[in-house]
Amino acid sequence: ARPQEPTPAILNNLIKRRVVYGDICQSFTEEQLGQILCEAGNSAATAILLMKERIKKGDATKIYKPPAYYVGKIEEATKYSPIVLDAGADEKGKHMAAPAKMSAGILDQSLHDKKNASTATQAFDDKNEDEEEIPFEISSVNHIAFIVSDVGRSSTFYSDVLGLQQVKRPNFDRHGAWFTGGNVEIHLILGNPLAPPRSTRGSEANTTWFVVKDFDAAISKLTKLTAEFDEDIQLEMFNDSDEKKFATCRDADGYVFGICTE
């Protein structure tokens, strides 16, 4: 029998998707989502199929609404909280050799044997003593931007497959969407993608890596989504020399993302 009321948790998840640019739920009101969910027997997957069918038949119009603002709140757990390290320590607090001195992102050749340095390097070392040095220090990563061919389609991957949370984005003229992965943001911008060929192995391509707490659970989810997702996420599994497992997957344009544990 058809349920009289939608399951609150499932309905709430569908409503949240309405702030994702191009998501199919943007094409329906909250009331309509509740009605469709009941019609689907409180199955989110079936509800999505019903929505696609209505759009295909012309009973509903596909809506692409750029998020001028984020509806809701950002979970505390996803806010960036950088770890403050002592000099000479790595990210786990262990001792490591001090890095070479950097000057505007260029290795200071004064640390090397000047007898073996090139003329150009010596010219760099012999700069005017009175010249004011402009400080250049990187404190953290702000965001990584990806040029995508379809913001709506890509947003589905970043929210439903990678599980990233959409965050507030200014209402720029150019379509896009912003997501947070905990300590870094992913910015999608509409344009011509420059992703590696799908024939290139994930382990040999430029890759953005995400750390997960439970690798097996993450792979189980990705394997399931491989069958359900409209696009080929091209899941690849690897083992390194220490038998440590890691995996890669791809978005609709072919950008590569890695999954690993600490």
# chains A, B, ... in the order shown; residues from 1 in each chain; ligands from 1
>>> residues_around(residues="range 238-247 of chain A", least_positions_apart="6", cutoff="6 Å", atoms="only C-alpha atoms", output="PyMOL selection string")
chain A and resi 258-260
>>> residues_around(residues="range 198-209 of chain A", least_positions_apart="6", cutoff="10 Å", atoms="only C-alpha atoms", output="ChimeraX atom specification")
/A:144,234-238,246-250,253-261
>>> write_last_selection(atoms="N, CA and C atoms", output="CSV table (one decimal), in the first residue's frame")
chain,number,residue,atom,x,y,z
A,144,ILE,N,40.8,24.2,-4.5
A,144,ILE,CA,41.2,23.6,-5.7
A,144,ILE,C,40.1,23.8,-6.7
A,234,GLN,N,34.7,5.0,-13.1
A,234,GLN,CA,36.0,4.3,-13.4
A,234,GLN,C,36.8,4.0,-12.1
A,235,LEU,N,36.2,3.2,-11.2
A,235,LEU,CA,36.8,2.8,-10.0
A,235,LEU,C,38.0,1.9,-10.2
A,236,GLU,N,39.2,2.2,-9.7
A,236,GLU,CA,40.4,1.4,-9.8
A,236,GLU,C,41.0,1.2,-8.5
A,237,MET,N,41.4,-0.1,-8.2
A,237,MET,CA,42.0,-0.4,-6.9
A,237,MET,C,43.5,-0.7,-7.1
A,238,PHE,N,44.3,-0.3,-6.1
A,238,PHE,CA,45.7,-0.4,-6.2
A,238,PHE,C,46.3,-0.9,-4.8
A,246,PHE,N,44.7,1.6,-1.8
A,246,PHE,CA,44.2,2.9,-2.2
A,246,PHE,C,43.4,2.7,-3.5
A,247,ALA,N,42.6,3.7,-3.8
A,247,ALA,CA,41.8,3.6,-5.0
A,247,ALA,C,41.6,4.9,-5.6
A,248,THR,N,41.2,4.9,-6.9
A,248,THR,CA,40.9,6.2,-7.6
A,248,THR,C,39.6,6.0,-8.3
A,249,CYS,N,39.0,7.2,-8.5
A,249,CYS,CA,37.7,7.2,-9.3
A,249,CYS,C,37.7,8.5,-10.1
A,250,ARG,N,36.8,8.7,-11.0
A,250,ARG,CA,36.7,9.9,-11.8
A,250,ARG,C,35.4,10.5,-11.9
A,253,ASP,N,33.9,14.4,-16.2
A,253,ASP,CA,34.8,15.0,-17.1
A,253,ASP,C,36.1,14.2,-17.2
A,254,GLY,N,36.4,13.3,-16.2
A,254,GLY,CA,37.6,12.5,-16.2
A,254,GLY,C,38.6,12.9,-15.2
A,255,TYR,N,38.3,13.9,-14.3
A,255,TYR,CA,39.3,14.3,-13.2
A,255,TYR,C,39.4,13.2,-12.3
A,256,VAL,N,40.6,12.9,-11.8
A,256,VAL,CA,40.9,11.8,-11.0
A,256,VAL,C,40.9,12.1,-9.5
A,257,PHE,N,40.3,11.3,-8.7
A,257,PHE,CA,40.3,11.5,-7.2
A,257,PHE,C,40.7,10.2,-6.5
A,258,GLY,N,41.6,10.3,-5.5
A,258,GLY,CA,42.1,9.2,-4.8
A,258,GLY,C,41.5,9.0,-3.5
A,259,ILE,N,41.3,7.8,-3.0
A,259,ILE,CA,40.8,7.4,-1.7
A,259,ILE,C,41.8,6.6,-1.0
A,260,CYS,N,42.2,7.0,0.2
A,260,CYS,CA,43.2,6.3,1.0
A,260,CYS,C,43.0,6.5,2.5
A,261,THR,N,43.8,5.8,3.3
A,261,THR,CA,43.7,6.0,4.7
A,261,THR,C,45.0,6.7,5.2
>>> closest_residue(among="A:Cys25, A:Val184, A:Ile36, A:Val19", to="Pro3 in chain A", atoms="only C-alpha atoms")
A:Ile36
>>> residues_around(residues="range 190-193 of chain A", least_positions_apart="5", cutoff="8 Å", atoms="only C-alpha atoms", output="list in words")
Phe146, Ile147, Val148, Ser149, Asp150, Val151, Arg174, His175, Gly176 and Asp253 of chain A
>>> write_last_selection(atoms="C-alpha atoms", output="PDB file, in the first residue's frame")
ATOM      1  CA  PHE A 146      38.094  22.372 -11.590  1.00  0.00           C
ATOM      2  CA  ILE A 147      36.775  23.530 -14.954  1.00  0.00           C
ATOM      3  CA  VAL A 148      33.768  21.308 -15.720  1.00  0.00           C
ATOM      4  CA  SER A 149      31.532  20.936 -18.761  1.00  0.00           C
ATOM      5  CA  ASP A 150      28.281  20.581 -16.798  1.00  0.00           C
ATOM      6  CA  VAL A 151      28.062  22.036 -13.290  1.00  0.00           C
ATOM      7  CA  ARG A 174      29.787  32.461 -14.400  1.00  0.00           C
ATOM      8  CA  HIS A 175      28.037  29.265 -13.286  1.00  0.00           C
ATOM      9  CA  GLY A 176      29.761  27.139 -10.669  1.00  0.00           C
ATOM     10  CA  ASP A 253      34.836  14.973 -17.135  1.00  0.00           C
TER      11      ASP A 253
END
>>> closest_residue(among="A:Leu222, A:Pro6, A:Thr156, A:His187", to="Arg169 in chain A", atoms="only C-alpha atoms")
A:His187
>>> atom_distance(atom1="CA of Ala177 in chain A", atom2="CA of Gln35 in chain A")
28.3 Å
>>> closest_residue(among="A:Leu225, A:Val167, A:Ala252, A:Val212", to="Ala195 in chain A", atoms="only C-alpha atoms")
A:Ala252
>>> atom_distance(atom1="CA of Ile15 in chain A", atom2="CA of Lys221 in chain A")
22.0 Å
>>> closest_residue(among="A:Ala218, A:Arg17, A:Ile10, A:Phe172", to="Thr46 in chain A", atoms="only C-alpha atoms")
A:Ile10
>>> atom_distance(atom1="CA of Gly58 in chain A", atom2="CA of Leu37 in chain A")
19.2 Å
>>> closest_residue(among="A:Trp178, A:Ser43, A:Leu50, A:Ser220", to="Gly152 in chain A", atoms="only C-alpha atoms")
A:Trp178
